[in-house]
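*Asks:* Quick one, entry-v5.cif (mmCIF, C-alpha atoms):
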```
data_protein
loop_
_atom_site.label_atom_id
_atom_site.label_comp_id
_atom_site.auth_asym_id
_atom_site.auth_seq_id
_atom_site.Cartn_x
_atom_site.Cartn_y
_atom_site.Cartn_z
CA MET B 1 312.08 55.19 71.99
CA SER B 2 311.58 56.98 68.71
CA PRO B 3 314.72 58.30 66.93
CA SER B 4 313.76 61.91 67.67
CA VAL B 5 313.41 61.27 71.40
CA THR B 6 316.60 61.23 73.47
CA SER B 7 316.88 60.49 77.17
CA ALA B 8 317.96 64.10 77.78
CA SER B 9 314.94 65.62 75.99
CA PRO B 10 311.70 66.49 77.84
CA ALA B 11 309.93 63.58 76.14
CA GLY B 12 312.86 61.29 76.98
CA GLU B 13 312.77 62.26 80.65
CA LEU B 14 309.02 61.72 80.66
CA CYS B 15 309.49 58.28 79.07
CA ALA B 16 311.85 57.33 81.87
CA ARG B 17 309.37 58.35 84.56
CA VAL B 18 306.48 56.61 82.83
CA TRP B 19 308.57 53.47 82.36
CA GLU B 20 309.31 53.34 86.08
CA SER B 21 305.65 53.67 87.05
CA VAL B 22 304.51 51.17 84.41
CA MET B 23 307.06 48.60 85.60
CA ALA B 24 305.85 49.20 89.17
CA PHE B 25 302.31 48.43 87.90
CA ASP B 26 301.27 51.85 89.20
CA GLU B 27 298.53 52.91 86.81
CA ALA B 28 297.52 55.95 88.89
CA ALA B 29 301.06 57.32 88.87
CA THR B 30 301.42 56.68 85.15
CA VAL B 31 298.21 58.53 84.30
CA ALA B 32 299.01 61.37 86.72
CA THR B 33 302.44 61.89 85.13
CA LEU B 34 300.94 62.09 81.65
CA LEU B 35 298.11 64.42 82.64
CA ARG B 36 300.53 66.78 84.38
CA ALA B 37 302.52 66.93 81.14
CA LEU B 38 299.32 67.78 79.25
CA ASP B 39 298.48 70.52 81.72
CA ALA B 40 302.02 71.87 81.35
CA GLY B 41 301.50 72.31 77.61
CA MET B 42 302.76 69.12 75.98
CA SER B 43 300.48 68.11 73.12
CA ALA B 44 298.32 65.01 73.37
CA GLU B 45 299.70 63.74 70.08
CA ALA B 46 303.29 64.02 71.35
CA LEU B 47 302.36 62.19 74.53
CA LEU B 48 300.72 59.38 72.59
CA LEU B 49 303.47 58.90 70.02
CA ASP B 50 306.67 60.05 71.73
CA VAL B 51 305.95 58.76 75.22
CA ILE B 52 303.30 56.02 75.40
CA ALA B 53 304.29 54.41 72.09
CA SER B 54 307.98 54.63 73.01
CA VAL B 55 307.40 53.02 76.39
CA GLN B 56 305.35 50.25 74.78
CA GLY B 57 308.13 49.64 72.27
CA ARG B 58 310.55 49.23 75.16
CA VAL B 59 308.15 46.75 76.77
CA GLY B 60 308.40 44.55 73.68
CA ARG B 61 312.20 44.77 73.54
CA GLU B 62 312.58 43.94 77.22
CA TRP B 63 310.33 40.91 76.83
CA ALA B 64 312.32 39.65 73.83
CA ALA B 65 315.54 40.05 75.82
CA ASN B 66 314.02 38.02 78.69
CA ARG B 67 314.33 40.92 81.11
CA ILE B 68 310.61 40.99 81.86
CA THR B 69 308.07 38.17 81.99
CA VAL B 70 305.00 37.60 79.85
CA ALA B 71 302.86 38.63 82.82
CA GLN B 72 304.79 41.89 83.20
CA GLU B 73 304.44 42.55 79.47
CA HIS B 74 300.67 42.02 79.61
CA ALA B 75 300.30 44.22 82.70
CA ALA B 76 302.41 46.99 81.18
CA THR B 77 300.42 46.89 77.93
CA ALA B 78 297.14 47.13 79.85
CA ILE B 79 298.40 50.16 81.80
CA ASN B 80 299.59 51.85 78.61
CA ASP B 81 296.22 51.22 76.99
CA ARG B 82 294.35 52.84 79.88
CA ALA B 83 296.85 55.71 80.01
CA LEU B 84 296.22 56.26 76.30
CA ALA B 85 292.49 56.53 77.02
CA ALA B 86 293.09 59.06 79.79
CA VAL B 87 295.13 61.26 77.48
CA ALA B 88 292.58 60.96 74.66
CA LEU B 89 289.76 62.07 76.99
CA HIS B 90 291.60 65.11 78.32
CA ARG B 91 289.85 68.44 78.02
CA SER B 92 292.56 69.76 75.68
CA VAL B 93 291.65 67.20 73.00
CA PRO B 94 289.05 68.39 70.43
CA ALA B 95 285.70 66.74 71.04
CA SER B 96 283.92 67.44 67.72
CA PRO B 97 285.17 66.01 64.41
CA ALA B 98 285.60 68.54 61.65
CA ARG B 99 286.89 66.30 58.89
CA GLY B 100 285.92 63.08 57.14
CA ARG B 101 285.46 59.57 58.50
CA ILE B 102 288.12 56.87 58.90
CA THR B 103 287.68 53.27 60.02
CA VAL B 104 290.64 51.90 62.01
CA ALA B 105 290.95 48.16 62.55
CA CYS B 106 293.39 45.32 63.12
CA VAL B 107 293.88 42.48 60.66
CA ASP B 108 291.91 39.32 61.36
CA GLY B 109 293.93 37.28 63.88
CA GLU B 110 295.89 40.31 65.08
CA TRP B 111 295.61 40.82 68.85
CA HIS B 112 298.22 43.60 69.19
CA ALA B 113 295.70 46.42 69.14
CA LEU B 114 297.64 49.25 70.81
CA PRO B 115 299.27 50.54 67.57
CA ALA B 116 295.83 50.79 65.91
CA ARG B 117 294.41 52.48 69.00
CA LEU B 118 297.24 55.04 68.95
CA LEU B 119 296.52 55.83 65.30
CA ALA B 120 292.80 56.14 65.97
CA GLU B 121 293.37 58.67 68.75
CA VAL B 122 295.92 60.67 66.77
CA LEU B 123 293.47 60.92 63.87
CA ARG B 124 290.71 61.91 66.29
CA ILE B 125 292.94 64.67 67.70
CA ARG B 126 293.47 65.94 64.16
CA GLY B 127 289.73 66.27 63.65
CA TRP B 128 288.70 63.06 61.93
CA ARG B 129 285.59 61.11 62.82
CA ILE B 130 286.91 57.69 63.82
CA ASP B 131 285.32 54.25 63.95
CA TYR B 132 287.81 52.19 65.95
CA LEU B 133 286.94 48.51 65.58
CA GLY B 134 289.79 47.07 67.67
CA ALA B 135 291.62 43.76 67.44
CA GLN B 136 290.99 40.81 65.13
CA VAL B 137 288.41 42.17 62.70
CA THR B 138 287.26 39.69 60.05
CA ALA B 139 286.89 40.87 56.47
CA PRO B 140 283.11 40.20 56.32
CA HIS B 141 282.47 42.17 59.52
CA LEU B 142 284.65 45.04 58.32
CA VAL B 143 282.96 45.18 54.92
CA ALA B 144 279.52 45.14 56.56
CA HIS B 145 280.62 48.14 58.62
CA LEU B 146 281.83 49.94 55.50
CA HIS B 147 278.46 49.45 53.83
CA ARG B 148 276.72 51.02 56.83
CA THR B 149 279.08 53.96 57.38
CA GLY B 150 280.78 54.79 54.06
CA PRO B 151 284.13 56.03 55.42
CA ASP B 152 286.72 57.88 53.37
CA ALA B 153 289.31 55.19 54.04
CA VAL B 154 290.24 52.16 56.12
CA ALA B 155 293.44 52.17 58.20
CA LEU B 156 294.51 48.56 58.74
CA SER B 157 297.11 47.57 61.33
CA GLY B 158 299.12 44.35 61.52
CA SER B 159 302.22 43.38 63.48
CA LEU B 160 302.53 39.68 62.59
CA ALA B 161 303.63 38.63 59.12
CA THR B 162 301.73 35.36 59.56
CA ARG B 163 298.55 37.40 59.17
CA LEU B 164 299.50 38.75 55.72
CA PRO B 165 297.14 36.36 53.87
CA ALA B 166 294.26 37.61 56.04
CA ALA B 167 295.40 41.18 55.47
CA HIS B 168 295.40 40.60 51.72
CA ALA B 169 291.85 39.28 51.81
CA THR B 170 290.74 42.27 53.87
CA ILE B 171 292.45 44.81 51.62
CA THR B 172 290.85 43.28 48.53
CA ALA B 173 287.41 43.10 50.18
CA CYS B 174 287.52 46.76 51.23
CA GLN B 175 288.64 47.85 47.78
CA ALA B 176 285.84 45.83 46.18
CA VAL B 177 283.30 48.13 47.85
CA GLY B 178 285.23 51.22 46.75
CA THR B 179 287.03 52.03 50.02
CA PRO B 180 290.79 52.71 49.79
CA VAL B 181 293.09 51.14 52.40
CA ILE B 182 296.17 52.48 54.13
CA VAL B 183 298.17 49.88 56.04
CA GLY B 184 300.89 49.96 58.66
CA GLY B 185 302.71 47.85 61.20
CA ALA B 186 305.65 45.46 61.28
CA ALA B 187 303.69 42.78 59.37
CA PHE B 188 304.03 44.78 56.16
CA GLY B 189 307.82 44.56 56.15
CA PRO B 190 310.72 46.99 55.72
CA GLU B 191 309.65 50.08 53.80
CA GLY B 192 306.20 48.55 53.36
CA ARG B 193 307.37 45.94 50.84
CA TYR B 194 304.39 43.66 51.52
CA ALA B 195 301.91 46.53 51.48
CA ARG B 196 302.78 47.13 47.85
CA LEU B 197 302.82 43.41 47.10
CA LEU B 198 299.31 42.98 48.50
CA GLY B 199 297.91 45.94 46.60
CA ALA B 200 297.27 48.38 49.46
CA ASP B 201 296.47 51.91 48.33
CA ALA B 202 298.97 53.44 50.78
CA TRP B 203 301.46 52.49 53.49
CA ALA B 204 302.86 54.39 56.44
CA PRO B 205 305.76 53.47 58.74
CA ASP B 206 304.07 54.79 61.88
CA ALA B 207 300.97 56.54 63.20
CA ARG B 208 302.29 60.05 62.66
CA ALA B 209 303.17 59.31 59.03
CA ALA B 210 299.76 57.68 58.48
CA ALA B 211 297.98 60.73 59.87
CA ASP B 212 300.13 63.02 57.73
CA ALA B 213 299.31 60.98 54.61
CA LEU B 214 295.58 61.19 55.29
CA ASP B 215 295.90 64.94 55.95
CA LEU B 216 297.28 65.45 52.44
CA GLY B 217 293.99 64.52 50.77
CA PRO B 218 291.92 61.54 49.65
CA LEU B 219 293.69 58.26 49.01
CA PRO B 220 293.65 57.02 45.39
CA GLN B 221 290.54 55.09 44.50
CA PRO B 222 290.97 51.30 44.30
CA ARG B 223 291.28 49.50 40.98
CA PRO B 224 287.92 48.13 39.82
CA GLY B 225 287.56 44.39 39.50
CA HIS B 226 290.79 43.68 41.34
CA GLN B 227 291.26 40.10 42.65
CA ALA B 228 293.76 38.87 45.24
CA ILE B 229 295.28 36.35 42.83
CA ASP B 230 296.15 39.22 40.48
CA ASP B 231 298.84 40.33 42.97
CA LEU B 232 300.40 36.92 43.62
CA PRO B 233 300.44 34.66 40.55
CA HIS B 234 302.97 32.32 42.24
CA LEU B 235 300.15 31.03 44.48
CA LYS B 236 298.98 28.90 41.55
CA ASP B 237 301.49 26.21 42.59
CA GLN B 238 299.35 25.59 45.73
CA GLU B 239 302.40 25.30 48.02
CA TYR B 240 301.12 27.97 50.38
CA THR B 241 297.66 26.40 50.62
CA LEU B 242 298.97 22.90 51.20
CA VAL B 243 301.53 23.91 53.82
CA ALA B 244 299.06 26.14 55.69
CA ARG B 245 296.44 23.37 55.78
CA SER B 246 299.00 20.76 56.86
CA ARG B 247 300.37 22.73 59.83
CA PRO B 248 299.09 20.39 62.59
CA ARG B 249 300.42 17.31 60.78
CA LEU B 250 303.78 18.97 60.07
CA VAL B 251 304.21 20.06 63.69
CA ARG B 252 303.41 16.57 64.92
CA ALA B 253 305.80 14.91 62.44
CA VAL B 254 308.70 17.25 63.24
CA PHE B 255 308.15 16.87 66.99
CA GLU B 256 308.22 13.07 66.68
CA ALA B 257 311.40 13.28 64.59
CA LEU B 258 313.04 15.51 67.22
CA GLU B 259 312.13 12.99 69.93
CA ALA B 260 313.64 10.14 67.94
CA ALA B 261 316.85 12.05 67.16
CA HIS B 262 317.38 13.76 70.53
CA PRO B 263 316.71 11.65 73.64
CA ALA B 264 316.60 14.77 75.84
CA VAL B 265 313.41 15.86 74.07
CA ARG B 266 311.67 12.71 75.28
CA ASP B 267 312.34 13.81 78.86
CA TYR B 268 310.75 17.25 78.43
CA SER B 269 308.18 18.32 80.99
CA GLU B 270 304.64 18.93 79.81
CA ALA B 271 305.29 22.68 79.80
CA GLN B 272 308.47 22.22 77.73
CA ARG B 273 306.60 20.04 75.26
CA GLU B 274 303.88 22.67 74.89
CA HIS B 275 306.44 25.43 74.31
CA THR B 276 308.28 23.32 71.74
CA ALA B 277 305.07 22.55 69.87
CA GLU B 278 304.18 26.26 69.88
CA ASP B 279 307.63 27.15 68.51
CA LEU B 280 307.28 24.56 65.75
CA SER B 281 303.84 25.86 64.90
CA HIS B 282 305.27 29.37 64.55
CA VAL B 283 308.00 28.06 62.25
CA VAL B 284 305.40 26.49 59.95
CA GLU B 285 303.22 29.61 60.08
CA PHE B 286 306.10 31.86 59.03
CA LEU B 287 307.11 29.41 56.32
CA ALA B 288 303.55 29.62 54.98
CA ALA B 289 303.71 33.43 55.07
CA ALA B 290 307.00 33.33 53.15
CA LEU B 291 305.38 31.06 50.57
CA TYR B 292 302.43 33.44 50.30
CA THR B 293 304.69 36.43 49.62
CA ASP B 294 307.36 34.39 47.78
CA ASP B 295 309.96 36.10 49.97
CA GLU B 296 312.56 33.96 51.72
CA ASP B 297 313.76 37.01 53.67
CA LEU B 298 310.50 37.00 55.62
CA PHE B 299 311.26 33.51 56.94
CA GLY B 300 314.95 34.21 57.45
CA GLY B 301 314.22 37.35 59.45
CA PHE B 302 311.81 35.43 61.67
CA LEU B 303 314.46 32.74 62.30
CA LEU B 304 317.07 35.31 63.31
CA TRP B 305 314.61 37.02 65.66
CA THR B 306 313.62 33.66 67.15
CA ALA B 307 317.28 32.70 67.59
CA GLY B 308 317.84 35.91 69.55
CA VAL B 309 314.86 35.20 71.79
CA LEU B 310 316.03 31.62 72.36
CA GLU B 311 319.56 32.72 73.21
CA ALA B 312 318.17 35.24 75.70
CA ARG B 313 316.39 32.30 77.34
CA ARG B 314 319.58 30.20 77.29
CA VAL B 315 318.27 27.84 74.64
CA PRO B 316 320.86 27.17 71.89
CA ALA B 317 319.69 28.69 68.63
CA ALA B 318 321.23 25.71 66.84
CA SER B 319 318.25 23.68 68.06
CA LEU B 320 316.29 25.34 65.26
CA LEU B 321 318.46 23.69 62.63
CA SER B 322 317.28 20.18 63.46
CA ALA B 323 313.67 21.29 63.22
CA LEU B 324 314.31 22.90 59.83
CA ALA B 325 315.99 19.75 58.53
CA PHE B 326 313.10 17.54 59.59
CA LEU B 327 310.58 19.99 58.16
CA GLU B 328 312.46 20.02 54.86
CA ARG B 329 312.26 16.23 54.80
CA GLU B 330 308.48 16.42 55.20
CA LEU B 331 308.25 18.99 52.37
CA GLN B 332 310.76 17.47 49.96
CA ASP B 333 308.22 17.62 47.10
CA PHE B 334 307.68 21.37 47.57
CA PRO B 335 310.47 23.21 45.70
CA ARG B 336 309.71 26.73 46.91
CA ALA B 337 309.31 25.57 50.52
CA THR B 338 312.58 23.65 50.54
CA THR B 339 314.42 26.61 49.00
CA ILE B 340 313.09 28.89 51.74
CA LEU B 341 314.00 26.37 54.47
CA ARG B 342 317.55 25.97 53.16
CA ALA B 343 318.01 29.72 52.91
CA GLY B 344 316.77 30.11 56.48
CA ALA B 345 319.13 27.43 57.78
CA ALA B 346 322.00 29.10 55.94
CA ARG B 347 321.23 32.42 57.64
CA LEU B 348 321.29 30.72 61.02
CA THR B 349 324.69 29.20 60.31
CA HIS B 350 326.02 32.33 58.50
CA ILE B 351 326.52 30.38 55.28
CA PRO B 352 325.47 32.13 52.05
CA ALA B 353 322.53 30.35 50.46
CA THR B 354 322.25 29.81 46.70
CA ARG B 355 318.69 30.03 45.43
CA THR B 356 317.81 27.08 43.25
CA ALA B 357 316.93 27.66 39.62
CA GLU B 358 313.26 28.02 38.81
#
```
Turn the structure described in the file into structure tokens.
*Replies:*
Amino acid sequence: MSPSVTSASPAGELCARVWESVMAFDEAATVATLLRALDAGMSAEALLLDVIASVQGRVGREWAANRITVAQEHAATAINDRALAAVALHRSVPASPARGRITVACVDGEWHALPARLLAEVLRIRGWRIDYLGAQVTAPHLVAHLHRTGPDAVALSGSLATRLPAAHATITACQAVGTPVIVGGAAFGPEGRYARLLGADAWAPDARAAADALDLGPLPQPRPGHQAIDDLPHLKDQEYTLVARSRPRLVRAVFEALEAAHPAVRDYSEAQREHTAEDLSHVVEFLAAALYTDDEDLFGGFLLWTAGVLEARRVPAASLLSALAFLERELQDFPRATTILRAGAARLTHIPATRTAE
């Protein structure tokens, strides 16, 4: 629930009713509740951002706390997506655009499309002509669309920090054809720290702030001749590239080391082995993202979040430490990677980490 929405407020009471119907998988009741609120005078934008977005945020938190299953999370997201469409098509929403044109898309590899869809509909309500391209849009496909349509700006959404390299490539490609980019989503870090690092023309913490920023006037024009490497000179050491390309080998090596060190791992079921391999793959992916941004906090934050999820599933978070130690052994010739791994392990054990000298 957004900070401005309390359980005692009209939006808060509506959130509670919508949550109940979503968790009952009752799409008809969910849509009916929202449309009644529209008919009673609540704005479509408030319904989208203060109700549907708040309920979806709760879905994610409940999944992380192991209070709902993956299947329930998927079903709830699907209902929220269709409820969003019902609100956007309501007769009270303006049908004819009166402003410029915005392309809204998700970063390549990003499947969490609901935040981008919310932004697209909010901008449409405010009178913009919107091209909503949906989830997982590759840079070449997006640029081809920009050549055909010539929008005023691109709004790019990303929730996973592992997709920051793809986001960087997309931002640079859009700017190369003269289209400014505003970005948003959890992938871009606290206060948009990675948005600035990757050279985005603007950042917004949420859909309402993004719409407000675009309402203020044109975004600044991109720098001519800008290259991705200009933003991240530390990539010259090739650690990011080598770790990212070696992910399958690293996952396999760490898994084998865990089996050798912990007999219980050898007795895992096939499902447990698959989950463990997936978890190890995520660890390597986030390490690569931290190498790309040269920010050990990105990796440390991921580890703390993962530890919370594991604890909620009654898996000791300390199990991560063994994996980090084995991964460090595999990457002993990579100074930035080992520094990030040690800092992450220190955060898990609440021991202050000392960054090694450059």
*Asks:* At a cut-off of 12 Å from (301.2, 60.4, 61.4) in the coordinates of the file, what residues are picked up using all atoms listed in the file, written as a ChimeraX atom specification?
*Replies:* /B:45-46,48-50,115-116,118-126,155,182,184,203-216
*Asks:* Given the file shown, enumerate the residues that the PyMOL selection byres ((chain B and resi 145) around 12) captures and present them as a PDB file with C-alpha atoms, in the coordinates of the input.
*Replies:*
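Just written: selection09.pdb:
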```pdb
ATOM      1  CA  ILE B 102     288.120  56.870  58.900  1.00  0.00           C
ATOM      2  CA  THR B 103     287.680  53.270  60.020  1.00  0.00           C
ATOM      3  CA  VAL B 104     290.640  51.900  62.010  1.00  0.00           C
ATOM      4  CA  ALA B 105     290.950  48.160  62.550  1.00  0.00           C
ATOM      5  CA  ASP B 131     285.320  54.250  63.950  1.00  0.00           C
ATOM      6  CA  TYR B 132     287.810  52.190  65.950  1.00  0.00           C
ATOM      7  CA  LEU B 133     286.940  48.510  65.580  1.00  0.00           C
ATOM      8  CA  VAL B 137     288.410  42.170  62.700  1.00  0.00           C
ATOM      9  CA  THR B 138     287.260  39.690  60.050  1.00  0.00           C
ATOM     10  CA  ALA B 139     286.890  40.870  56.470  1.00  0.00           C
ATOM     11  CA  PRO B 140     283.110  40.200  56.320  1.00  0.00           C
ATOM     12  CA  HIS B 141     282.470  42.170  59.520  1.00  0.00           C
ATOM     13  CA  LEU B 142     284.650  45.040  58.320  1.00  0.00           C
ATOM     14  CA  VAL B 143     282.960  45.180  54.920  1.00  0.00           C
ATOM     15  CA  ALA B 144     279.520  45.140  56.560  1.00  0.00           C
ATOM     16  CA  LEU B 146     281.830  49.940  55.500  1.00  0.00           C
ATOM     17  CA  HIS B 147     278.460  49.450  53.830  1.00  0.00           C
ATOM     18  CA  ARG B 148     276.720  51.020  56.830  1.00  0.00           C
ATOM     19  CA  THR B 149     279.080  53.960  57.380  1.00  0.00           C
ATOM     20  CA  GLY B 150     280.780  54.790  54.060  1.00  0.00           C
ATOM     21  CA  PRO B 151     284.130  56.030  55.420  1.00  0.00           C
ATOM     22  CA  VAL B 154     290.240  52.160  56.120  1.00  0.00           C
ATOM     23  CA  ALA B 173     287.410  43.100  50.180  1.00  0.00           C
ATOM     24  CA  CYS B 174     287.520  46.760  51.230  1.00  0.00           C
ATOM     25  CA  VAL B 177     283.300  48.130  47.850  1.00  0.00           C
ATOM     26  CA  THR B 179     287.030  52.030  50.020  1.00  0.00           C
TER      27      THR B 179
END
```
*Asks:* Can you pull out the residues contacting Ala325 of chain B? Cut-off 12 Å, using all atoms listed in the file, and skip same-chain residues under 6 positions away; I want them as number ranges by chain.
*Replies:* B: 253-255, 257-258, 261, 318-319, 331-332, 337-346
*Asks:* List as CSV every residue of segment 182-227 of chain B that is in contact with segment 108-112 of chain B, defined as an atom at most 12 Å from one of its atoms (using all atoms listed in the file), together with the nearest atom pair and the distance in Å rounded to one decimal, sorted by chain and then rising number.
*Replies:*
```
residue,atom,partner,partner_atom,distance
B:Gly185,CA,B:His112,CA,10.1
B:Ala186,CA,B:His112,CA,11.0
B:Ala187,CA,B:Glu110,CA,10.0
```
*Asks:* Quick check on the file I pasted: which residues fall under the PyMOL selection byres ((chain B and resi 193) around 12)? Write them as an MDAnalysis selection string.
*Replies:* chainID B and resid 161 164 183:192 194:200 202:205 293:295 297:298
*Asks:* Find the residues near segment 230-245 of chain B: any atom within 6 Å, counting all atoms listed in the file, skip ones fewer than 5 places away on the same chain, and give them as a PyMOL selection string.
*Replies:* chain B and resi 288+291-292
*Asks:* Expressed in Å to a single decimal, how great is the separation between atom CA of Ala323 of chain B and atom CA of Glu270 of chain B?
*Replies:* 19.0 Å
*Asks:* Looking at B:Asp152, B:His350, B:Ala176, B:Ser21, which one is nearest to Gly217 of chain B, with distances taken over all atoms listed in the file?
*Replies:*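 Among the listed residues, the smallest separation from Gly217 of chain B belongs to B:Asp152.
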*Asks:* Find, counting all atoms listed in the file, the residue in B:Ala85, B:Leu321, B:Ala29, B:Val59 that gets nearest to Ala44 of chain B.
*Replies:*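 Smallest separation from Ala44 of chain B among the options: B:Ala85.
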